[in-house]
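Source file: data-v9.cif; contents: mmCIF, C-alpha atoms.
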```cif
data_entry
#
loop_
_atom_site.label_atom_id
_atom_site.label_comp_id
_atom_site.auth_asym_id
_atom_site.auth_seq_id
_atom_site.Cartn_x
_atom_site.Cartn_y
_atom_site.Cartn_z
CA MET D 1 -4.56 -8.95 25.71
CA ILE D 2 -7.65 -9.41 27.93
CA ASP D 3 -8.09 -5.64 28.28
CA PHE D 4 -7.75 -5.26 24.53
CA LEU D 5 -10.44 -7.88 23.89
CA GLN D 6 -12.73 -6.24 26.46
CA VAL D 7 -12.36 -2.86 24.74
CA LEU D 8 -12.88 -4.53 21.38
CA MET D 9 -16.17 -6.08 22.54
CA ASN D 10 -17.41 -2.82 24.07
CA PRO D 11 -20.36 -1.59 21.96
CA ASP D 12 -19.15 2.00 22.33
CA ASN D 13 -15.77 1.30 20.71
CA THR D 14 -16.95 0.82 17.15
CA PHE D 15 -13.90 2.73 15.83
CA LEU D 16 -11.54 -0.03 17.03
CA ARG D 17 -13.59 -2.83 15.47
CA LEU D 18 -13.84 -0.86 12.24
CA ALA D 19 -10.07 -0.29 12.20
CA LEU D 20 -9.35 -4.00 12.69
CA CYS D 21 -11.93 -4.95 10.07
CA VAL D 22 -10.49 -2.56 7.49
CA GLY D 23 -6.94 -3.67 8.30
CA THR D 24 -7.88 -7.33 7.91
CA LEU D 25 -9.74 -6.83 4.63
CA ALA D 26 -7.01 -4.57 3.26
CA SER D 27 -4.46 -7.31 3.95
CA PHE D 28 -5.85 -9.35 1.05
CA SER D 29 -5.08 -6.64 -1.51
CA PHE D 30 -1.80 -5.76 0.18
CA GLY D 31 -0.69 -9.40 0.20
CA ILE D 32 -1.47 -9.98 -3.48
CA ILE D 33 -0.15 -6.66 -4.82
CA GLY D 34 2.83 -6.77 -2.47
CA THR D 35 3.82 -10.16 -3.86
CA TYR D 36 3.77 -8.74 -7.38
CA VAL D 37 5.77 -5.65 -6.33
CA THR D 38 8.49 -7.67 -4.59
CA THR D 39 8.68 -10.27 -7.38
CA ARG D 40 9.13 -7.59 -10.05
CA ARG D 41 11.66 -5.87 -7.77
CA ILE D 42 9.86 -2.54 -8.03
CA SER D 43 9.42 -1.98 -4.30
CA TYR D 44 10.31 1.69 -4.53
CA LEU D 45 7.50 2.11 -7.01
CA SER D 46 5.08 2.07 -4.09
CA GLY D 47 7.13 4.75 -2.35
CA ALA D 48 7.12 6.99 -5.43
CA ILE D 49 3.36 6.58 -5.88
CA ALA D 50 2.81 7.32 -2.19
CA HIS D 51 4.71 10.60 -2.44
CA CYS D 52 2.72 11.53 -5.54
CA VAL D 53 -0.37 10.80 -3.46
CA PHE D 54 0.72 13.62 -1.14
CA GLY D 55 0.74 15.94 -4.15
CA GLY D 56 -2.80 14.86 -5.04
CA ILE D 57 -3.99 15.41 -1.47
CA GLY D 58 -2.45 18.89 -1.42
CA ALA D 59 -4.03 19.76 -4.78
CA ALA D 60 -7.45 18.57 -3.59
CA LEU D 61 -7.20 20.62 -0.39
CA PHE D 62 -6.17 23.67 -2.43
CA LEU D 63 -9.09 23.29 -4.84
CA LYS D 64 -11.52 22.66 -2.00
CA HIS D 65 -10.58 25.56 0.29
CA ARG D 66 -9.08 28.11 -2.09
CA ILE D 67 -11.08 27.59 -5.29
CA GLY D 68 -14.36 26.63 -3.62
CA LEU D 69 -14.85 23.01 -4.73
CA THR D 70 -16.33 22.01 -1.37
CA TRP D 71 -17.39 18.58 -2.65
CA LEU D 72 -13.81 17.55 -3.45
CA ASP D 73 -12.46 15.00 -1.00
CA PRO D 74 -8.68 14.72 -0.49
CA MET D 75 -8.86 10.98 -1.25
CA VAL D 76 -10.22 11.80 -4.72
CA GLY D 77 -7.07 13.81 -5.37
CA ALA D 78 -4.97 11.01 -3.89
CA ILE D 79 -6.44 8.35 -6.20
CA ALA D 80 -6.15 10.62 -9.27
CA ALA D 81 -2.51 11.44 -8.50
CA ALA D 82 -1.63 7.81 -7.77
CA ILE D 83 -3.13 6.44 -10.99
CA THR D 84 -1.59 9.27 -13.04
CA ALA D 85 1.83 8.56 -11.53
CA ALA D 86 1.46 4.83 -12.19
CA VAL D 87 0.48 5.34 -15.85
CA VAL D 88 3.22 7.92 -16.49
CA MET D 89 5.84 5.74 -14.83
CA GLY D 90 4.73 2.69 -16.78
CA LEU D 91 4.63 4.46 -20.16
CA VAL D 92 8.03 6.09 -19.70
CA SER D 93 9.54 2.80 -18.57
CA LEU D 94 8.05 0.89 -21.51
CA TYR D 95 8.34 3.30 -24.40
CA ALA D 96 10.85 6.00 -23.53
CA LYS D 97 13.45 3.38 -22.55
CA GLU D 98 14.37 5.36 -19.49
CA ARG D 99 15.78 3.77 -16.37
CA GLU D 100 12.91 2.93 -14.07
CA ASP D 101 14.76 4.05 -10.97
CA THR D 102 15.31 7.50 -12.51
CA VAL D 103 11.59 7.90 -13.17
CA ILE D 104 10.78 6.70 -9.67
CA GLY D 105 13.19 9.22 -8.12
CA ALA D 106 11.79 12.09 -10.16
CA LEU D 107 8.16 11.31 -9.33
CA TRP D 108 9.07 10.74 -5.70
CA ALA D 109 10.57 14.23 -5.28
CA VAL D 110 8.14 16.18 -7.48
CA GLY D 111 5.06 14.60 -5.89
CA MET D 112 6.15 15.43 -2.36
CA ALA D 113 7.25 18.96 -3.30
CA ALA D 114 3.97 19.68 -5.11
CA GLY D 115 1.97 18.57 -2.10
CA ILE D 116 3.89 20.87 0.24
CA ILE D 117 3.51 23.84 -2.13
CA PHE D 118 -0.24 23.30 -2.53
CA ILE D 119 -0.67 23.14 1.25
CA ASP D 120 1.41 26.31 1.67
CA LEU D 121 -1.00 28.04 -0.72
CA THR D 122 -4.08 26.77 1.12
CA PRO D 123 -5.48 28.79 4.02
CA GLY D 124 -6.34 27.06 7.26
CA TYR D 125 -4.82 24.25 9.32
CA PHE D 126 -4.68 20.65 8.13
CA ASP D 127 -3.54 17.60 10.04
CA ILE D 128 -0.66 16.74 7.74
CA MET D 129 0.72 14.22 10.26
CA SER D 130 -2.26 11.92 9.71
CA TYR D 131 -1.37 11.74 6.00
CA LEU D 132 2.36 11.33 6.59
CA PHE D 133 2.13 8.71 9.32
CA GLY D 134 -1.45 7.47 9.01
CA ASP D 135 -4.12 6.93 11.62
CA ILE D 136 -6.02 3.68 11.34
CA LEU D 137 -8.42 4.77 14.10
CA LEU D 138 -9.81 7.56 11.89
CA ILE D 139 -10.97 5.17 9.15
CA SER D 140 -14.64 5.50 8.20
CA MET D 141 -17.30 3.15 6.82
CA ARG D 142 -16.65 4.59 3.37
CA ASP D 143 -13.06 3.37 3.61
CA LEU D 144 -14.37 -0.07 4.53
CA TRP D 145 -16.48 -0.28 1.38
CA LEU D 146 -13.60 1.02 -0.73
CA VAL D 147 -11.39 -1.76 0.64
CA VAL D 148 -14.08 -4.37 -0.08
CA ALA D 149 -14.40 -3.09 -3.66
CA LEU D 150 -10.63 -3.18 -4.15
CA ASP D 151 -10.44 -6.72 -2.74
CA LEU D 152 -13.08 -7.86 -5.21
CA VAL D 153 -11.32 -6.25 -8.18
CA VAL D 154 -7.89 -7.58 -7.19
CA GLY D 155 -9.30 -11.03 -6.43
CA VAL D 156 -11.17 -11.36 -9.73
CA ILE D 157 -8.19 -10.19 -11.79
CA THR D 158 -5.82 -12.51 -9.90
CA ILE D 159 -8.07 -15.56 -10.34
CA PHE D 160 -8.81 -15.07 -14.02
CA PHE D 161 -5.35 -13.89 -15.07
CA TYR D 162 -3.15 -15.72 -12.57
CA HIS D 163 -0.92 -17.44 -15.14
CA THR D 164 -0.60 -14.24 -17.16
CA ILE D 165 0.39 -12.24 -14.09
CA LEU D 166 2.84 -14.99 -13.17
CA ALA D 167 4.46 -14.82 -16.61
CA VAL D 168 4.62 -11.02 -16.61
CA SER D 169 6.15 -11.03 -13.13
CA PHE D 170 8.94 -13.51 -13.83
CA ASP D 171 9.58 -13.46 -17.59
CA ASP D 172 7.88 -10.77 -19.66
CA GLU D 173 9.79 -11.77 -22.81
CA PHE D 174 8.36 -15.29 -22.64
CA ALA D 175 4.89 -13.85 -21.99
CA ARG D 176 5.23 -11.56 -25.02
CA LEU D 177 6.20 -14.52 -27.22
CA ARG D 178 3.05 -16.32 -26.02
CA GLY D 179 0.93 -13.41 -27.27
CA VAL D 180 0.33 -11.74 -23.91
CA ASN D 181 -0.19 -7.98 -23.94
CA VAL D 182 2.65 -7.42 -21.49
CA GLU D 183 2.46 -3.64 -21.68
CA GLY D 184 -1.27 -3.59 -20.96
CA PHE D 185 -0.99 -5.93 -17.98
CA TYR D 186 2.00 -4.00 -16.65
CA ILE D 187 0.04 -0.73 -16.67
CA LEU D 188 -3.00 -2.48 -15.15
CA LEU D 189 -0.96 -3.92 -12.30
CA LEU D 190 0.69 -0.55 -11.71
CA CYS D 191 -2.75 1.07 -11.43
CA LEU D 192 -3.87 -1.60 -8.95
CA THR D 193 -0.69 -0.94 -7.00
CA ALA D 194 -1.53 2.78 -7.03
CA VAL D 195 -5.04 2.30 -5.64
CA THR D 196 -3.75 -0.16 -3.04
CA VAL D 197 -1.14 2.36 -1.95
CA VAL D 198 -3.83 5.03 -1.49
CA LEU D 199 -5.77 2.76 0.86
CA LEU D 200 -2.58 1.77 2.66
CA VAL D 201 -1.72 5.43 3.22
CA ARG D 202 -4.87 5.72 5.35
CA ILE D 203 -3.46 3.07 7.68
CA VAL D 204 0.29 3.67 7.98
CA GLY D 205 0.81 6.95 6.12
CA ILE D 206 2.92 8.07 3.19
CA ILE D 207 6.28 7.75 4.93
CA MET D 208 5.90 4.07 5.85
CA VAL D 209 3.67 2.75 3.09
CA ILE D 210 6.48 0.98 1.27
CA ALA D 211 7.31 -1.10 4.35
CA LEU D 212 3.89 -2.65 4.91
CA LEU D 213 3.43 -3.29 1.19
CA THR D 214 6.70 -5.21 0.89
CA LEU D 215 7.61 -6.67 4.30
CA PRO D 216 4.72 -9.20 4.49
CA ALA D 217 5.55 -10.53 1.01
CA ALA D 218 9.27 -10.61 1.78
CA THR D 219 8.61 -12.49 5.02
CA ALA D 220 6.28 -15.00 3.36
CA ALA D 221 8.77 -15.58 0.53
CA GLN D 222 11.19 -17.09 3.06
CA PHE D 223 8.81 -20.02 3.58
CA THR D 224 7.20 -20.48 0.16
CA ARG D 225 8.30 -21.64 -3.28
CA ARG D 226 5.30 -20.85 -5.46
CA PHE D 227 3.79 -17.51 -6.42
CA TRP D 228 0.31 -18.28 -5.08
CA GLN D 229 1.77 -19.58 -1.82
CA THR D 230 3.60 -16.29 -1.35
CA MET D 231 0.37 -14.37 -1.95
CA ILE D 232 -1.45 -16.37 0.72
CA GLY D 233 1.47 -16.19 3.14
CA SER D 234 1.84 -12.46 2.56
CA THR D 235 -1.84 -11.91 3.30
CA LEU D 236 -1.65 -13.90 6.53
CA CYS D 237 1.51 -12.06 7.59
CA CYS D 238 -0.15 -8.72 6.90
CA ILE D 239 -3.18 -9.69 9.00
CA GLY D 240 -0.88 -10.79 11.81
CA PHE D 241 1.09 -7.55 11.69
CA MET D 242 -2.14 -5.50 11.72
CA TRP D 243 -3.67 -7.26 14.72
CA THR D 244 -0.43 -7.47 16.72
CA GLY D 245 0.40 -3.84 15.99
CA MET D 246 -3.06 -2.69 17.06
CA TRP D 247 -2.83 -4.69 20.28
CA VAL D 248 0.66 -3.43 21.17
CA SER D 249 -0.22 0.18 20.33
CA PHE D 250 -3.32 -0.08 22.54
CA ALA D 251 -1.44 -1.66 25.43
CA LEU D 252 1.46 0.82 25.35
CA ASN D 253 -0.54 3.87 24.18
CA LEU D 254 1.50 4.23 20.98
CA SER D 255 0.64 5.32 17.44
CA SER D 256 -0.82 2.35 15.58
CA GLY D 257 0.85 2.91 12.19
CA PRO D 258 4.48 3.05 13.35
CA THR D 259 3.86 0.17 15.77
CA ILE D 260 2.59 -2.04 12.94
CA ILE D 261 5.65 -1.20 10.83
CA ILE D 262 8.12 -1.90 13.65
CA ILE D 263 6.54 -5.31 14.30
CA ALA D 264 6.62 -6.13 10.58
CA GLY D 265 10.26 -5.08 10.29
CA MET D 266 11.37 -6.97 13.41
CA THR D 267 9.55 -10.10 12.24
CA TYR D 268 11.20 -9.96 8.82
CA LEU D 269 14.67 -9.47 10.29
CA ALA D 270 14.10 -12.27 12.81
CA VAL D 271 12.95 -14.66 10.08
CA LEU D 272 15.85 -13.71 7.82
CA GLY D 273 18.39 -14.07 10.62
CA GLY D 274 16.91 -17.35 11.84
CA LYS D 275 16.93 -18.82 8.35
CA ARG D 276 20.61 -18.00 7.88
CA ILE D 277 21.56 -19.42 11.28
CA PHE D 278 19.74 -22.71 10.69
CA SER D 279 21.03 -22.99 7.11
CA LYS D 280 24.62 -22.75 8.37
CA GLY D 281 23.89 -25.32 11.04
#
```

Represent the structure from my file as structure tokens, please.
Amino acid sequence: MIDFLQVLMNPDNTFLRLALCVGTLASFSFGIIGTYVTTRRISYLSGAIAHCVFGGIGAALFLKHRIGLTWLDPMVGAIAAAITAAVVMGLVSLYAKEREDTVIGALWAVGMAAGIIFIDLTPGYFDIMSYLFGDILLISMRDLWLVVALDLVVGVITIFFYHTILAVSFDDEFARLRGVNVEGFYILLLCLTAVTVVLLVRIVGIIMVIALLTLPAATAAQFTRRFWQTMIGSTLCCIGFMWTGMWVSFALNLSSGPTIIIIAGMTYLAVLGGKRIFSKG
């Protein structure tokens, strides 16, 4: 731990401080949106959106290097694909009366396949592993400001529409009877989930994004009874997983993203197992 703190305080290691700062700030959005995702039991929604993000990244790389749109950043394609997937999934679920898990499965497969095809058609070499498994140490100042902007948007919406979000999360029929535009809020929250997933992909990658979005909320839910308490607990858990994962990955020279996920998963299983043991006792 001492070596880690010494490296963190070294003026030359700005990348490590930036990574921890982005991870800490991102935890606020992840904690709030993750609580909504786990409460609505749509955890695999984040996985489907993440795989559609890969399709958007592949399309952006294709347009940039094959068509000549040099200004197009892969994250622009990622955000566009994520929001499109969220809106399509929400509309089909609400109005086409299709099973949500069927839509999720279809988007999951098509998004990933489209990304691979676009990359096959794009000349040159791209570090696909950084998108699949993330690399928090490659985060830039632009990512920091994007996270700050997302935190502000998520925070404002949560504060002003807390009771509405609570009603939509637990009992949408009751919310509809009270005059709430359930469909509109559902689509809005799906879009916020989509943008949050895009930022989370930068940290832990497409493959593991669902774990870090849901495990902190699931862990916090073991100790809380109210919706807002779970949001706060989820945020604190996410911060703890980020910092511990970064420290362990530094000490053992491991990849930061997978290390964070393993720590989150082990913590959740330990809490779940401990709760069952003490409840029987």

Quick check on the file I pasted: which residues fall under the PyMOL selection byres ((chain D and resi 205-221) around 6)? Write them as an mmCIF file with C-alpha atoms, in the coordinates of the input.
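Done, and the output landed in out_5.cif:
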```
data_model
loop_
_atom_site.group_PDB
_atom_site.id
_atom_site.type_symbol
_atom_site.label_atom_id
_atom_site.label_comp_id
_atom_site.auth_asym_id
_atom_site.auth_seq_id
_atom_site.Cartn_x
_atom_site.Cartn_y
_atom_site.Cartn_z
ATOM 1 C CA PHE D 30 -1.800 -5.760 0.180
ATOM 2 C CA GLY D 34 2.830 -6.770 -2.470
ATOM 3 C CA THR D 35 3.820 -10.160 -3.860
ATOM 4 C CA SER D 46 5.080 2.070 -4.090
ATOM 5 C CA GLY D 47 7.130 4.750 -2.350
ATOM 6 C CA ALA D 50 2.810 7.320 -2.190
ATOM 7 C CA TYR D 131 -1.370 11.740 6.000
ATOM 8 C CA LEU D 132 2.360 11.330 6.590
ATOM 9 C CA PHE D 133 2.130 8.710 9.320
ATOM 10 C CA GLY D 134 -1.450 7.470 9.010
ATOM 11 C CA VAL D 201 -1.720 5.430 3.220
ATOM 12 C CA ARG D 202 -4.870 5.720 5.350
ATOM 13 C CA ILE D 203 -3.460 3.070 7.680
ATOM 14 C CA VAL D 204 0.290 3.670 7.980
ATOM 15 C CA GLN D 222 11.190 -17.090 3.060
ATOM 16 C CA PHE D 223 8.810 -20.020 3.580
ATOM 17 C CA THR D 224 7.200 -20.480 0.160
ATOM 18 C CA THR D 230 3.600 -16.290 -1.350
ATOM 19 C CA GLY D 233 1.470 -16.190 3.140
ATOM 20 C CA SER D 234 1.840 -12.460 2.560
ATOM 21 C CA CYS D 237 1.510 -12.060 7.590
ATOM 22 C CA CYS D 238 -0.150 -8.720 6.900
ATOM 23 C CA TYR D 268 11.200 -9.960 8.820
#
```

- [ ] Go through the shown structure with the PyMOL selection byres ((chain D and resi 21) around 12) and write out the matching residues as a PyMOL selection string.
- [x] chain D and resi 8+14-20+22-28+136-137+139-141+143-145+147-148+203+239+242-243+246

Pull C-alpha atoms from the residues just selected and write them as a compact mmCIF listing (two decimals), keeping the file's coordinate frame.
```txt
# COMPACT_ATOMS: atom_id res chain seq x y z
CA LEU D 8 -12.88 -4.53 21.38
CA THR D 14 -16.95 0.82 17.15
CA PHE D 15 -13.90 2.73 15.83
CA LEU D 16 -11.54 -0.03 17.03
CA ARG D 17 -13.59 -2.83 15.47
CA LEU D 18 -13.84 -0.86 12.24
CA ALA D 19 -10.07 -0.29 12.20
CA LEU D 20 -9.35 -4.00 12.69
CA VAL D 22 -10.49 -2.56 7.49
CA GLY D 23 -6.94 -3.67 8.30
CA THR D 24 -7.88 -7.33 7.91
CA LEU D 25 -9.74 -6.83 4.63
CA ALA D 26 -7.01 -4.57 3.26
CA SER D 27 -4.46 -7.31 3.95
CA PHE D 28 -5.85 -9.35 1.05
CA ILE D 136 -6.02 3.68 11.34
CA LEU D 137 -8.42 4.77 14.10
CA ILE D 139 -10.97 5.17 9.15
CA SER D 140 -14.64 5.50 8.20
CA MET D 141 -17.30 3.15 6.82
CA ASP D 143 -13.06 3.37 3.61
CA LEU D 144 -14.37 -0.07 4.53
CA TRP D 145 -16.48 -0.28 1.38
CA VAL D 147 -11.39 -1.76 0.64
CA VAL D 148 -14.08 -4.37 -0.08
CA ILE D 203 -3.46 3.07 7.68
CA ILE D 239 -3.18 -9.69 9.00
CA MET D 242 -2.14 -5.50 11.72
CA TRP D 243 -3.67 -7.26 14.72
CA MET D 246 -3.06 -2.69 17.06
```

Open item on the list: Env of Leu188 of chain D: 10 Å cut, atoms = all atoms listed in the file, seq-sep filter 3 positions within chain, self excluded. Answer as a list of chain:residue names.
Closed with: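 Residues near the query, excluding close chain neighbours: D:Ile83, D:Ala86, D:Val87, D:Gly90, D:Ile157, D:Val182, D:Glu183, D:Gly184, D:Phe185, D:Cys191, D:Leu192, D:Thr193, D:Ala194.
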
- [ ] Quick one: pull the distance between atom CA of Gly77 of chain D and atom CA of Ala59 of chain D, Å, one decimal.
- [x]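 Atom-to-atom, atom CA of Gly77 of chain D and atom CA of Ala59 of chain D are spaced 6.7 Å apart.
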
Open item on the list: Please determine, counting all atoms listed in the file, which residue among D:Phe250, D:Asp171, D:Leu269, D:Leu199 has the shortest atom-to-atom distance to Thr39 of chain D.
Closed with: D:Asp171

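If you look at atom CA of Ala78 of chain D and atom CA of Ile57 of chain D, they are 5.1 Å away from each other.
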
For segment 111-128 of chain D, where the input has fewer atoms than it should, I would like N, CA and C atoms rebuilt and written as an mmCIF file, in the coordinates of the input.
```cif
data_model
loop_
_atom_site.group_PDB
_atom_site.id
_atom_site.type_symbol
_atom_site.label_atom_id
_atom_site.label_comp_id
_atom_site.auth_asym_id
_atom_site.auth_seq_id
_atom_site.Cartn_x
_atom_site.Cartn_y
_atom_site.Cartn_z
ATOM 1 N N GLY D 111 6.343 14.813 -6.558
ATOM 2 C CA GLY D 111 5.060 14.600 -5.890
ATOM 3 C C GLY D 111 5.036 15.176 -4.494
ATOM 4 N N MET D 112 6.092 14.917 -3.733
ATOM 5 C CA MET D 112 6.150 15.430 -2.360
ATOM 6 C C MET D 112 6.240 16.944 -2.358
ATOM 7 N N ALA D 113 7.080 17.502 -3.247
ATOM 8 C CA ALA D 113 7.250 18.960 -3.300
ATOM 9 C C ALA D 113 5.952 19.648 -3.699
ATOM 10 N N ALA D 114 5.230 19.078 -4.664
ATOM 11 C CA ALA D 114 3.970 19.680 -5.110
ATOM 12 C C ALA D 114 2.947 19.693 -3.987
ATOM 13 N N GLY D 115 2.901 18.612 -3.215
ATOM 14 C CA GLY D 115 1.970 18.570 -2.100
ATOM 15 C C GLY D 115 2.245 19.651 -1.069
ATOM 16 N N ILE D 116 3.525 19.853 -0.739
ATOM 17 C CA ILE D 116 3.890 20.870 0.240
ATOM 18 C C ILE D 116 3.541 22.266 -0.268
ATOM 19 N N ILE D 117 3.808 22.523 -1.556
ATOM 20 C CA ILE D 117 3.510 23.840 -2.130
ATOM 21 C C ILE D 117 2.006 24.116 -2.125
ATOM 22 N N PHE D 118 1.209 23.123 -2.524
ATOM 23 C CA PHE D 118 -0.240 23.300 -2.530
ATOM 24 C C PHE D 118 -0.774 23.602 -1.122
ATOM 25 N N ILE D 119 -0.226 22.915 -0.123
ATOM 26 C CA ILE D 119 -0.670 23.140 1.250
ATOM 27 C C ILE D 119 -0.231 24.516 1.738
ATOM 28 N N ASP D 120 0.964 24.960 1.318
ATOM 29 C CA ASP D 120 1.410 26.310 1.670
ATOM 30 C C ASP D 120 0.464 27.373 1.105
ATOM 31 N N LEU D 121 -0.112 27.084 -0.063
ATOM 32 C CA LEU D 121 -1.000 28.040 -0.720
ATOM 33 C C LEU D 121 -2.445 27.961 -0.227
ATOM 34 N N THR D 122 -2.708 26.997 0.647
ATOM 35 C CA THR D 122 -4.080 26.770 1.120
ATOM 36 C C THR D 122 -4.264 27.359 2.503
ATOM 37 N N PRO D 123 -5.248 28.206 2.690
ATOM 38 C CA PRO D 123 -5.480 28.790 4.020
ATOM 39 C C PRO D 123 -6.053 27.756 4.977
ATOM 40 N N GLY D 124 -5.785 27.962 6.253
ATOM 41 C CA GLY D 124 -6.340 27.060 7.260
ATOM 42 C C GLY D 124 -5.327 26.044 7.723
ATOM 43 N N TYR D 125 -5.699 25.268 8.738
ATOM 44 C CA TYR D 125 -4.820 24.250 9.320
ATOM 45 C C TYR D 125 -5.301 22.865 8.904
ATOM 46 N N PHE D 126 -4.351 22.028 8.517
ATOM 47 C CA PHE D 126 -4.680 20.650 8.130
ATOM 48 C C PHE D 126 -3.751 19.701 8.887
ATOM 49 N N ASP D 127 -4.315 18.579 9.294
ATOM 50 C CA ASP D 127 -3.540 17.600 10.040
ATOM 51 C C ASP D 127 -2.682 16.797 9.069
ATOM 52 N N ILE D 128 -1.555 17.379 8.695
ATOM 53 C CA ILE D 128 -0.660 16.740 7.740
ATOM 54 C C ILE D 128 -0.072 15.457 8.312
#
```
